[in-house]
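What follows is one structure encoded as structure tokens, with my remarks underneath.
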Amino acid sequence: MPATIVSLPGITYSQSNMRPVRPGDVNQMEGRRTESHVFGTPYWTLQLTAEKLTTTEAALMDAFEMDAEDGCLIAAYDPHRPRPIAYQGSQPLSGVKAGGGAFNGDAVLQSITDPLTIVVDGLPAGFVLSAGDYVEIRKSTYVRSLHRIRSGAVASGAGVVTLPIRFFLDVQVFTLPCTVRFEKPTCLMAIDKGSFSAPKSWPNYTASFSATEVFPDVA
């Protein structure tokens with residue numbers, strides 16, 4: 001039975017550090033020559049801190065800790081950047097798709113030009129994306145790939161945009177059809193054991209934890 005997926009508690013996080021990790025090493029050679037190489041699959045890590053929590057918020061974090069420690073997976077995203085920079089704010093993405101229908105932040109992967117370039121359809125006309133924005137490509141509930149956009153782009157009048165991304169998309173796994181998400185783009189993470197801390201000293205409840213991306217063996 002696949003692990004249960006839980007959401008991040010809906011509270012304000014004072015500190016967020018979501019960063020990509022590209023496995024590799026650097027060797028310093030004689031004569032000051034340097035050699036480097038990368039290997040393996042890139043993955044994401046997340047560190048979150050929440051301060052000045054209410055009693056109710058602290059209780060939410062306590063419940064979240066028990067779920068996460070019991071093996072649940074976390075649908076993790078960057079709470080300081082939950083949607084494209086051009087649409088930052090407290091309201092979720094909304095509007096009308098260029099081809100008709102309500103837009104909620106989900107679009108369609110039209111094609112994969114190469115592992116570092118994707119074409120997305122189903123956006124509002126003129127939808128603005130900036131360098132550094134997050135984008136999630138989802139094959140299924142347990143198969144997700146999170147990326148950052150390398151340079152800005154604007155959707156055409158037909159709601160189509162070509163996006164350069166980092167790191168590469170695994171084209172052996174992510175074949176069409178796929179959903180592309182811009183509202184709270186996620187990847188699946190597991191909490192780093194022993195990282196959760198939630199000392200309670202009234203009135204300054206705080207909580208923090210770290211997590212690392214995992215790749216469930218479930219289609």
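Chains: A, B, ... in order of the structure tokens. Residues: from 1 per chain. Ligands: from 1, in order shown.
Backbone DSSP of range 47-190 of chain A yields helix (DSSP H, G or I) at A:Thr55, A:Thr56, A:Glu57, A:Ala58, A:Ala59, A:Leu60, A:Met61, A:Asp62, A:Ala63, A:Phe64, A:Glu65, A:Met66, A:Asp67, A:Ala68, A:Glu69, A:Ile85, A:Ala86, A:Tyr87.
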### Message
List the spatial neighbours of range 107-111 of chain A as a ChimeraX atom specification - criterion: any atom at most 7 Å away, only C-alpha atoms, same-chain residues fewer than 6 positions off excluded.
### Response
/A:118-123,177-181
Could the residues in this selection be saved with N, CA, C and O atoms as an mmCIF file, in the first residue's frame?
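Saved result, part22.cif, follows:
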```cif
data_model
loop_
_atom_site.group_PDB
_atom_site.id
_atom_site.type_symbol
_atom_site.label_atom_id
_atom_site.label_comp_id
_atom_site.auth_asym_id
_atom_site.auth_seq_id
_atom_site.Cartn_x
_atom_site.Cartn_y
_atom_site.Cartn_z
ATOM 1 N N ILE A 118 10.556 22.402 -22.106
ATOM 2 C CA ILE A 118 9.212 21.854 -22.225
ATOM 3 C C ILE A 118 8.283 22.884 -22.858
ATOM 4 O O ILE A 118 8.529 24.093 -22.780
ATOM 5 N N VAL A 119 7.220 22.413 -23.494
ATOM 6 C CA VAL A 119 6.186 23.278 -24.060
ATOM 7 C C VAL A 119 4.894 23.025 -23.293
ATOM 8 O O VAL A 119 4.455 21.866 -23.172
ATOM 9 N N VAL A 120 4.301 24.101 -22.761
ATOM 10 C CA VAL A 120 3.121 24.003 -21.904
ATOM 11 C C VAL A 120 1.937 24.661 -22.589
ATOM 12 O O VAL A 120 2.055 25.755 -23.151
ATOM 13 N N ASP A 121 0.781 24.003 -22.524
ATOM 14 C CA ASP A 121 -0.459 24.512 -23.116
ATOM 15 C C ASP A 121 -1.506 24.625 -22.003
ATOM 16 O O ASP A 121 -1.349 24.066 -20.918
ATOM 17 N N GLY A 122 -2.580 25.379 -22.297
ATOM 18 C CA GLY A 122 -3.678 25.489 -21.348
ATOM 19 C C GLY A 122 -3.523 26.612 -20.350
ATOM 20 O O GLY A 122 -4.092 26.562 -19.247
ATOM 21 N N LEU A 123 -2.785 27.661 -20.720
ATOM 22 C CA LEU A 123 -2.587 28.819 -19.849
ATOM 23 C C LEU A 123 -3.459 29.988 -20.305
ATOM 24 O O LEU A 123 -3.913 30.027 -21.455
ATOM 25 N N PRO A 177 0.645 11.674 -21.356
ATOM 26 C CA PRO A 177 0.254 13.014 -20.886
ATOM 27 C C PRO A 177 0.761 13.298 -19.476
ATOM 28 O O PRO A 177 0.950 12.376 -18.680
ATOM 29 N N CYS A 178 0.954 14.572 -19.175
ATOM 30 C CA CYS A 178 1.326 15.019 -17.835
ATOM 31 C C CYS A 178 0.630 16.343 -17.536
ATOM 32 O O CYS A 178 0.328 17.120 -18.449
ATOM 33 N N THR A 179 0.406 16.588 -16.277
ATOM 34 C CA THR A 179 -0.114 17.876 -15.824
ATOM 35 C C THR A 179 1.051 18.765 -15.428
ATOM 36 O O THR A 179 2.060 18.284 -14.891
ATOM 37 N N VAL A 180 0.935 20.055 -15.695
ATOM 38 C CA VAL A 180 1.942 21.032 -15.297
ATOM 39 C C VAL A 180 1.293 21.981 -14.287
ATOM 40 O O VAL A 180 0.232 22.540 -14.558
ATOM 41 N N ARG A 181 1.932 22.148 -13.138
ATOM 42 C CA ARG A 181 1.315 22.916 -12.053
ATOM 43 C C ARG A 181 2.154 24.143 -11.697
ATOM 44 O O ARG A 181 3.376 24.038 -11.531
#
```
### Task
Within range 10-174 of chain A, find each residue whose DSSP state, derived from the backbone, is strand (DSSP E), and express the selection as a ChimeraX atom specification.
/A:15-21,24-28,34-38,43-53,73-76,106-114,117-121,128-129,134-140,143-149,153-154,161-166
Please produce, as a Markdown table, a per-residue contact table for range 128-175 of chain A versus range 80-103 of chain A (criterion: any atom at most 12 Å away, only C-alpha atoms considered), showing the nearest atom pair and its distance in Å to one decimal, sorted by chain then residue number.
```
| residue | atom | partner | partner_atom | distance |
| --- | --- | --- | --- | --- |
| A:Val128 | CA | A:Ala86 | CA | 6.4 |
| A:Leu129 | CA | A:Pro84 | CA | 6.2 |
| A:Ser130 | CA | A:Ile85 | CA | 6.6 |
| A:Ala131 | CA | A:Ile85 | CA | 8.9 |
| A:Gly132 | CA | A:Ile85 | CA | 8.5 |
| A:Asp133 | CA | A:Pro84 | CA | 5.3 |
| A:Tyr134 | CA | A:Pro84 | CA | 7.0 |
| A:Val135 | CA | A:Pro84 | CA | 8.7 |
| A:Glu136 | CA | A:Arg83 | CA | 10.9 |
| A:Arg148 | CA | A:Pro84 | CA | 10.5 |
| A:Ile149 | CA | A:Pro84 | CA | 10.0 |
| A:Gly152 | CA | A:Ile85 | CA | 10.6 |
| A:Ala153 | CA | A:Ala86 | CA | 11.4 |
| A:Val154 | CA | A:Ala86 | CA | 10.9 |
| A:Ala155 | CA | A:Ala98 | CA | 9.4 |
| A:Ser156 | CA | A:Ala98 | CA | 8.8 |
| A:Gly157 | CA | A:Ala98 | CA | 6.7 |
| A:Ala158 | CA | A:Ala98 | CA | 5.4 |
| A:Gly159 | CA | A:Ala98 | CA | 5.1 |
| A:Val160 | CA | A:Ala98 | CA | 8.7 |
| A:Val161 | CA | A:Ala98 | CA | 11.8 |
```
For the residues in that selection, give me N, CA, C and O atoms as a PDB file, in the first residue's frame.
```
ATOM      1  N   VAL A 128       2.468  35.288 -17.422  1.00  0.00           N
ATOM      2  CA  VAL A 128       3.868  35.696 -17.266  1.00  0.00           C
ATOM      3  C   VAL A 128       4.609  34.744 -16.335  1.00  0.00           C
ATOM      4  O   VAL A 128       4.153  34.466 -15.217  1.00  0.00           O
ATOM      5  N   LEU A 129       5.748  34.281 -16.782  1.00  0.00           N
ATOM      6  CA  LEU A 129       6.626  33.440 -15.966  1.00  0.00           C
ATOM      7  C   LEU A 129       8.013  34.072 -15.924  1.00  0.00           C
ATOM      8  O   LEU A 129       8.482  34.615 -16.929  1.00  0.00           O
ATOM      9  N   SER A 130       8.646  34.005 -14.754  1.00  0.00           N
ATOM     10  CA  SER A 130       9.927  34.674 -14.541  1.00  0.00           C
ATOM     11  C   SER A 130      11.021  33.666 -14.228  1.00  0.00           C
ATOM     12  O   SER A 130      10.750  32.548 -13.769  1.00  0.00           O
ATOM     13  N   ALA A 131      12.250  34.076 -14.451  1.00  0.00           N
ATOM     14  CA  ALA A 131      13.392  33.238 -14.078  1.00  0.00           C
ATOM     15  C   ALA A 131      13.322  32.940 -12.583  1.00  0.00           C
ATOM     16  O   ALA A 131      13.135  33.844 -11.770  1.00  0.00           O
ATOM     17  N   GLY A 132      13.470  31.677 -12.229  1.00  0.00           N
ATOM     18  CA  GLY A 132      13.424  31.280 -10.833  1.00  0.00           C
ATOM     19  C   GLY A 132      12.070  30.785 -10.375  1.00  0.00           C
ATOM     20  O   GLY A 132      11.961  30.217  -9.285  1.00  0.00           O
ATOM     21  N   ASP A 133      11.014  30.986 -11.178  1.00  0.00           N
ATOM     22  CA  ASP A 133       9.704  30.451 -10.820  1.00  0.00           C
ATOM     23  C   ASP A 133       9.763  28.928 -10.769  1.00  0.00           C
ATOM     24  O   ASP A 133      10.489  28.283 -11.532  1.00  0.00           O
ATOM     25  N   TYR A 134       8.952  28.347  -9.888  1.00  0.00           N
ATOM     26  CA  TYR A 134       8.857  26.896  -9.801  1.00  0.00           C
ATOM     27  C   TYR A 134       7.816  26.373 -10.789  1.00  0.00           C
ATOM     28  O   TYR A 134       6.811  27.034 -11.065  1.00  0.00           O
ATOM     29  N   VAL A 135       8.037  25.154 -11.282  1.00  0.00           N
ATOM     30  CA  VAL A 135       7.052  24.462 -12.109  1.00  0.00           C
ATOM     31  C   VAL A 135       7.121  22.970 -11.772  1.00  0.00           C
ATOM     32  O   VAL A 135       8.206  22.392 -11.658  1.00  0.00           O
ATOM     33  N   GLU A 136       5.959  22.383 -11.558  1.00  0.00           N
ATOM     34  CA  GLU A 136       5.874  20.948 -11.269  1.00  0.00           C
ATOM     35  C   GLU A 136       5.312  20.211 -12.475  1.00  0.00           C
ATOM     36  O   GLU A 136       4.325  20.650 -13.076  1.00  0.00           O
ATOM     37  N   ARG A 148      12.927  24.607 -11.618  1.00  0.00           N
ATOM     38  CA  ARG A 148      12.877  26.063 -11.694  1.00  0.00           C
ATOM     39  C   ARG A 148      13.043  26.481 -13.150  1.00  0.00           C
ATOM     40  O   ARG A 148      13.758  25.828 -13.921  1.00  0.00           O
ATOM     41  N   ILE A 149      12.377  27.562 -13.492  1.00  0.00           N
ATOM     42  CA  ILE A 149      12.466  28.097 -14.846  1.00  0.00           C
ATOM     43  C   ILE A 149      13.748  28.906 -14.973  1.00  0.00           C
ATOM     44  O   ILE A 149      14.078  29.705 -14.086  1.00  0.00           O
ATOM     45  N   GLY A 152      12.756  34.053 -18.206  1.00  0.00           N
ATOM     46  CA  GLY A 152      11.380  34.475 -18.291  1.00  0.00           C
ATOM     47  C   GLY A 152      10.736  34.149 -19.630  1.00  0.00           C
ATOM     48  O   GLY A 152      11.414  34.052 -20.660  1.00  0.00           O
ATOM     49  N   ALA A 153       9.412  33.995 -19.619  1.00  0.00           N
ATOM     50  CA  ALA A 153       8.663  33.711 -20.845  1.00  0.00           C
ATOM     51  C   ALA A 153       7.216  34.141 -20.633  1.00  0.00           C
ATOM     52  O   ALA A 153       6.741  34.236 -19.501  1.00  0.00           O
ATOM     53  N   VAL A 154       6.523  34.409 -21.741  1.00  0.00           N
ATOM     54  CA  VAL A 154       5.126  34.838 -21.695  1.00  0.00           C
ATOM     55  C   VAL A 154       4.313  33.942 -22.617  1.00  0.00           C
ATOM     56  O   VAL A 154       4.708  33.688 -23.764  1.00  0.00           O
ATOM     57  N   ALA A 155       3.168  33.473 -22.129  1.00  0.00           N
ATOM     58  CA  ALA A 155       2.312  32.601 -22.932  1.00  0.00           C
ATOM     59  C   ALA A 155       1.744  33.364 -24.127  1.00  0.00           C
ATOM     60  O   ALA A 155       1.429  34.554 -24.037  1.00  0.00           O
ATOM     61  N   SER A 156       1.609  32.687 -25.225  1.00  0.00           N
ATOM     62  CA  SER A 156       1.052  33.286 -26.440  1.00  0.00           C
ATOM     63  C   SER A 156      -0.453  33.531 -26.270  1.00  0.00           C
ATOM     64  O   SER A 156      -1.054  33.156 -25.261  1.00  0.00           O
ATOM     65  N   GLY A 157      -1.046  34.142 -27.286  1.00  0.00           N
ATOM     66  CA  GLY A 157      -2.484  34.369 -27.252  1.00  0.00           C
ATOM     67  C   GLY A 157      -3.277  33.083 -27.195  1.00  0.00           C
ATOM     68  O   GLY A 157      -4.442  33.072 -26.782  1.00  0.00           O
ATOM     69  N   ALA A 158      -2.648  31.972 -27.595  1.00  0.00           N
ATOM     70  CA  ALA A 158      -3.290  30.664 -27.540  1.00  0.00           C
ATOM     71  C   ALA A 158      -3.024  29.943 -26.226  1.00  0.00           C
ATOM     72  O   ALA A 158      -3.465  28.798 -26.038  1.00  0.00           O
ATOM     73  N   GLY A 159      -2.296  30.618 -25.311  1.00  0.00           N
ATOM     74  CA  GLY A 159      -2.027  30.011 -24.006  1.00  0.00           C
ATOM     75  C   GLY A 159      -0.919  28.979 -24.009  1.00  0.00           C
ATOM     76  O   GLY A 159      -0.902  28.073 -23.176  1.00  0.00           O
ATOM     77  N   VAL A 160       0.032  29.126 -24.929  1.00  0.00           N
ATOM     78  CA  VAL A 160       1.149  28.181 -25.049  1.00  0.00           C
ATOM     79  C   VAL A 160       2.461  28.896 -24.741  1.00  0.00           C
ATOM     80  O   VAL A 160       2.654  30.049 -25.147  1.00  0.00           O
ATOM     81  N   VAL A 161       3.360  28.216 -24.015  1.00  0.00           N
ATOM     82  CA  VAL A 161       4.646  28.818 -23.691  1.00  0.00           C
ATOM     83  C   VAL A 161       5.725  27.741 -23.696  1.00  0.00           C
ATOM     84  O   VAL A 161       5.476  26.587 -23.334  1.00  0.00           O
TER      85      VAL A 161
END
```
### Task
With a distance cut-off of 10 Å and only C-alpha atoms, select the neighbouring residues of Gly194 in chain A, excluding the residue or stretch itself and same-chain residues fewer than 6 positions from it, and output the selection as a list in words.
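Close residues of Gly194 in chain A: Glu69, Phe209 and Ser210 of chain A.
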Limited to N, CA and C atoms, could you put the picked residues into a file as a short mmCIF file (atom, residue, chain, number, x, y, z; two decimals), in the first residue's frame?
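again_21.cif was written with the following content:
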```
data_model
loop_
_atom_site.label_atom_id
_atom_site.label_comp_id
_atom_site.auth_asym_id
_atom_site.auth_seq_id
_atom_site.Cartn_x
_atom_site.Cartn_y
_atom_site.Cartn_z
N GLU A 69 6.51 11.53 10.91
CA GLU A 69 7.38 10.55 11.55
C GLU A 69 6.85 9.13 11.38
N PHE A 209 11.66 22.06 11.01
CA PHE A 209 12.02 20.72 10.57
C PHE A 209 12.70 20.81 9.21
N SER A 210 13.31 19.72 8.80
CA SER A 210 13.88 19.63 7.45
C SER A 210 13.39 18.34 6.80
#
```
### Message
Under the rule that only C-alpha atoms are counted, which of A:Ala75, A:Leu169, A:Ala63, A:Ala198 is the nearest residue to Pro185 in chain A?
### Response
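Closest residue, counting only C-alpha atoms: A:Ala75.
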### Query
Could you pull the residues within 6 Å of Leu73 in chain A, counting only C-alpha atoms, minus those fewer than 5 positions along the same chain, as a ChimeraX atom specification?
/A:5,189-190
### Task
Tell me which of A:Thr212, A:Thr113, A:Thr162, A:Thr12 sits closest to Ala50 in chain A, counting only C-alpha atoms.
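Among the listed residues, the smallest separation from Ala50 in chain A belongs to A:Thr12.
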